[in-house]
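Chemist: Dropping the structure in here first, questions after.
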Protein chains: 2
Amino acid sequence: MQPAMSRVPAACAGDCRFFREEGSGPIDRNKPAGPLLKISRGTTIYQHEQPAHFCYKVVEGAVRLSRLLPDGRRQILEICLPQDTFGLETSECYSATAEAIGDVVLLRCPRECIAELQDERPHVRGKMLSMLSRGLCAAQDHVAMLGHQSAKERVACYLLRLAGGHESQQAYTVRLPIGRQDMADYLGLTIETTCRSLSDLKAKRIISTPDRHCIVIQNFAALESVAQGD
Amino acid sequence: MQPAMSRVPAACAGDCRFFREEGSGPIDRNKPAGPLLKISRGTTIYQHEQPAHFCYKVVEGAVRLSRLLPDGRRQILEICLPQDTFGLETSECYSATAEAIGDVVLLRCPRECIAELQDERPHVRGKMLSMLSRGLCAAQDHVAMLGHQSAKERVACYLLRLAGGHESQQAYTVRLPIGRQDMADYLGLTIETTCRSLSDLKAKRIISTPDRHCIVIQNFAALESVAQGD
DNA sequence: CGGCATGTTGAAACGTTTCAACGAGAGTGG
DNA sequence: CCACTCTCGTTGAAACGTTTCAACATGCCG
């Protein structure tokens, strides 16, 4: 079943970058080793329940994975930022819809390439498993949040997550990759409630909002205690 | 820590059953090929954030995966039924706590065995990926449910899931693997709300409840329309 | 039978949603 | 430069659904 030789199609060669070590700095865009896909704001990358041909990795920008409920409500499952991968499912069809939030640059890899890379390069297997495993863990975090946290807790949690463990004593500026509506759909709230929660944090001087897309965390300790229900 | 010996430890041999094809009937308990672990009601199998040494597969009974929030609230992430696997994470520590709901029979496999099985038996890789992938998809379903569905919708969804696609015209009896409290914690509701939702369905003659652990779906169509928000 | 865990129901309190109005900023064209 | 429009964000007040707290019912086991 495996006539060795160069089983990995030429188009795949560059896509090994898909599995390069993370945390070893951002992808070097001066030495592009494969086709970068540029996609403009709002474009649908793929749709829920359609056949899954490709996997993706975000190079620049942000992508939202969401599901549309029969009555038009929308749940955002994940906001993918640079270095994140999506569309890795092993089932026939995509398990969510993927859309570009702003202009986005992606790395795209055909699924059969991934399969072959796995056969030929053992480290790719581990990488693949850990990507999926991390995704699962993130989804579980999300479930725990939606199941039993109040609006204020959810908003505080999300801000802390964006700050990504920078639990410094000083003020820390977070750039929001998404607008209020997306934030609301991610947190399982309405846009109004999301807004009110932010206003609340602002009134308590825990955060400040110099502009729409920026939030400055003024008091990490207080934000953490809000995130855990006072 | 691991005195090597033969590459796949003897204890693992039987645990290949871990990856046998599903849908090919239940595990044959007359020909046990490995150690079956019997665990009694309420026992903690492993705890969230403790080092992950083993993976498990449910043979009999039900297991709940949950997280305890700092303030004592609990979110159940998954109810594992016979054939389901859990504890497959690739991170160092378990991503949730696992507890036996009733008396339970499990298949247990050390993680290093899984790793070696993967190296030696290609089909195990695909199996492993599809197990994780399925788990991810289930978690995403859960997120979508908790994010934007009302109590009645959640309860209806859960019942339909338990019925497992048996969308027959006739009445169908579902055996609840869990009590009301676990159901509530899974659905992100209180036990009272869960109860009231069930009573509602009963009042509308969509279900009937001959006893605590049984629910008879009398009207699939109506249950589905409740699940989708009327 | 009592004792205990589990399930059910009621009424008030609470938080989120809904609906509506308004504000701020970016882009366009006069 | 200003008015215009369009999208996005913010705030208020009432409506709604879920939670909370309390009481009671049921089933099981010693």
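Residues are referred to by chain and number: the chain letter is A, B, ... according to the order shown in the structure tokens, the number counts from 1 in that chain, and ligands are numbered separately from 1 in the order shown.
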Can you pull out the residues contacting region 152-162 of chain B? Cut-off 9 Å, using only C-alpha atoms (C1' of nucleotides), and skip same-chain residues under 5 positions away; I want them as a ChimeraX atom specification.
Modeler: /B:145-146,167,174-176,183-184,187-188,193-194,196-198,200-201,215,217,220,223-230
Chemist: Set the distance at 12 Å and use only C-alpha atoms (C1' of nucleotides): which residues neighbour DG27 (chain C) once local chain neighbours fewer than 6 positions away are removed? I'd like the list as a ChimeraX atom specification.
Modeler: /D:4-7
Chemist: Near chain A, which residues of chain C fall within 9 Å when you count only C-alpha atoms (C1' of nucleotides), and what do they look like as a PDB file with N, CA, C and O atoms (P, O5', C5', C4', C3', O3' and C1' of nucleotides), in the first residue's frame?
Modeler:
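The resulting file, iface-v3.pdb, is reproduced below:
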```
ATOM      1  P    DG C  15     -27.788  39.099  40.427  1.00  0.00           P
ATOM      2  O5'  DG C  15     -27.930  38.534  38.954  1.00  0.00           O
ATOM      3  C5'  DG C  15     -27.742  37.134  38.725  1.00  0.00           C
ATOM      4  C4'  DG C  15     -27.927  36.860  37.244  1.00  0.00           C
ATOM      5  C3'  DG C  15     -27.149  37.801  36.334  1.00  0.00           C
ATOM      6  O3'  DG C  15     -26.581  36.995  35.312  1.00  0.00           O
ATOM      7  C1'  DG C  15     -29.479  37.936  35.842  1.00  0.00           C
ATOM      8  P    DT C  16     -25.723  37.621  34.102  1.00  0.00           P
ATOM      9  O5'  DT C  16     -26.657  37.448  32.831  1.00  0.00           O
ATOM     10  C5'  DT C  16     -27.152  36.157  32.515  1.00  0.00           C
ATOM     11  C4'  DT C  16     -28.193  36.300  31.438  1.00  0.00           C
ATOM     12  C3'  DT C  16     -27.714  37.046  30.194  1.00  0.00           C
ATOM     13  O3'  DT C  16     -27.896  36.174  29.087  1.00  0.00           O
ATOM     14  C1'  DT C  16     -29.799  37.928  30.973  1.00  0.00           C
ATOM     15  P    DT C  17     -27.709  36.697  27.567  1.00  0.00           P
ATOM     16  O5'  DT C  17     -29.181  37.158  27.156  1.00  0.00           O
ATOM     17  C5'  DT C  17     -30.230  36.203  27.207  1.00  0.00           C
ATOM     18  C4'  DT C  17     -31.530  36.837  26.773  1.00  0.00           C
ATOM     19  C3'  DT C  17     -31.517  37.458  25.372  1.00  0.00           C
ATOM     20  O3'  DT C  17     -32.644  36.925  24.678  1.00  0.00           O
ATOM     21  C1'  DT C  17     -32.334  39.031  26.960  1.00  0.00           C
TER      22       DT C  17
END
```
Chemist: Which is closest to chain D among A:Arg180, A:His123, A:His213, A:Arg205, if we use only C-alpha atoms (C1' of nucleotides)?
Modeler: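 Looking at the shortest contact to chain D, the residue is A:Arg180.
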Chemist: Restricting the calculation to only C-alpha atoms, which member of B:Cys80, B:Leu132, B:Ala98, B:Val58 is positioned closest to chain A?
Modeler: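 Of B:Cys80, B:Leu132, B:Ala98, B:Val58, the one nearest chain A is B:Leu132, counting only C-alpha atoms.
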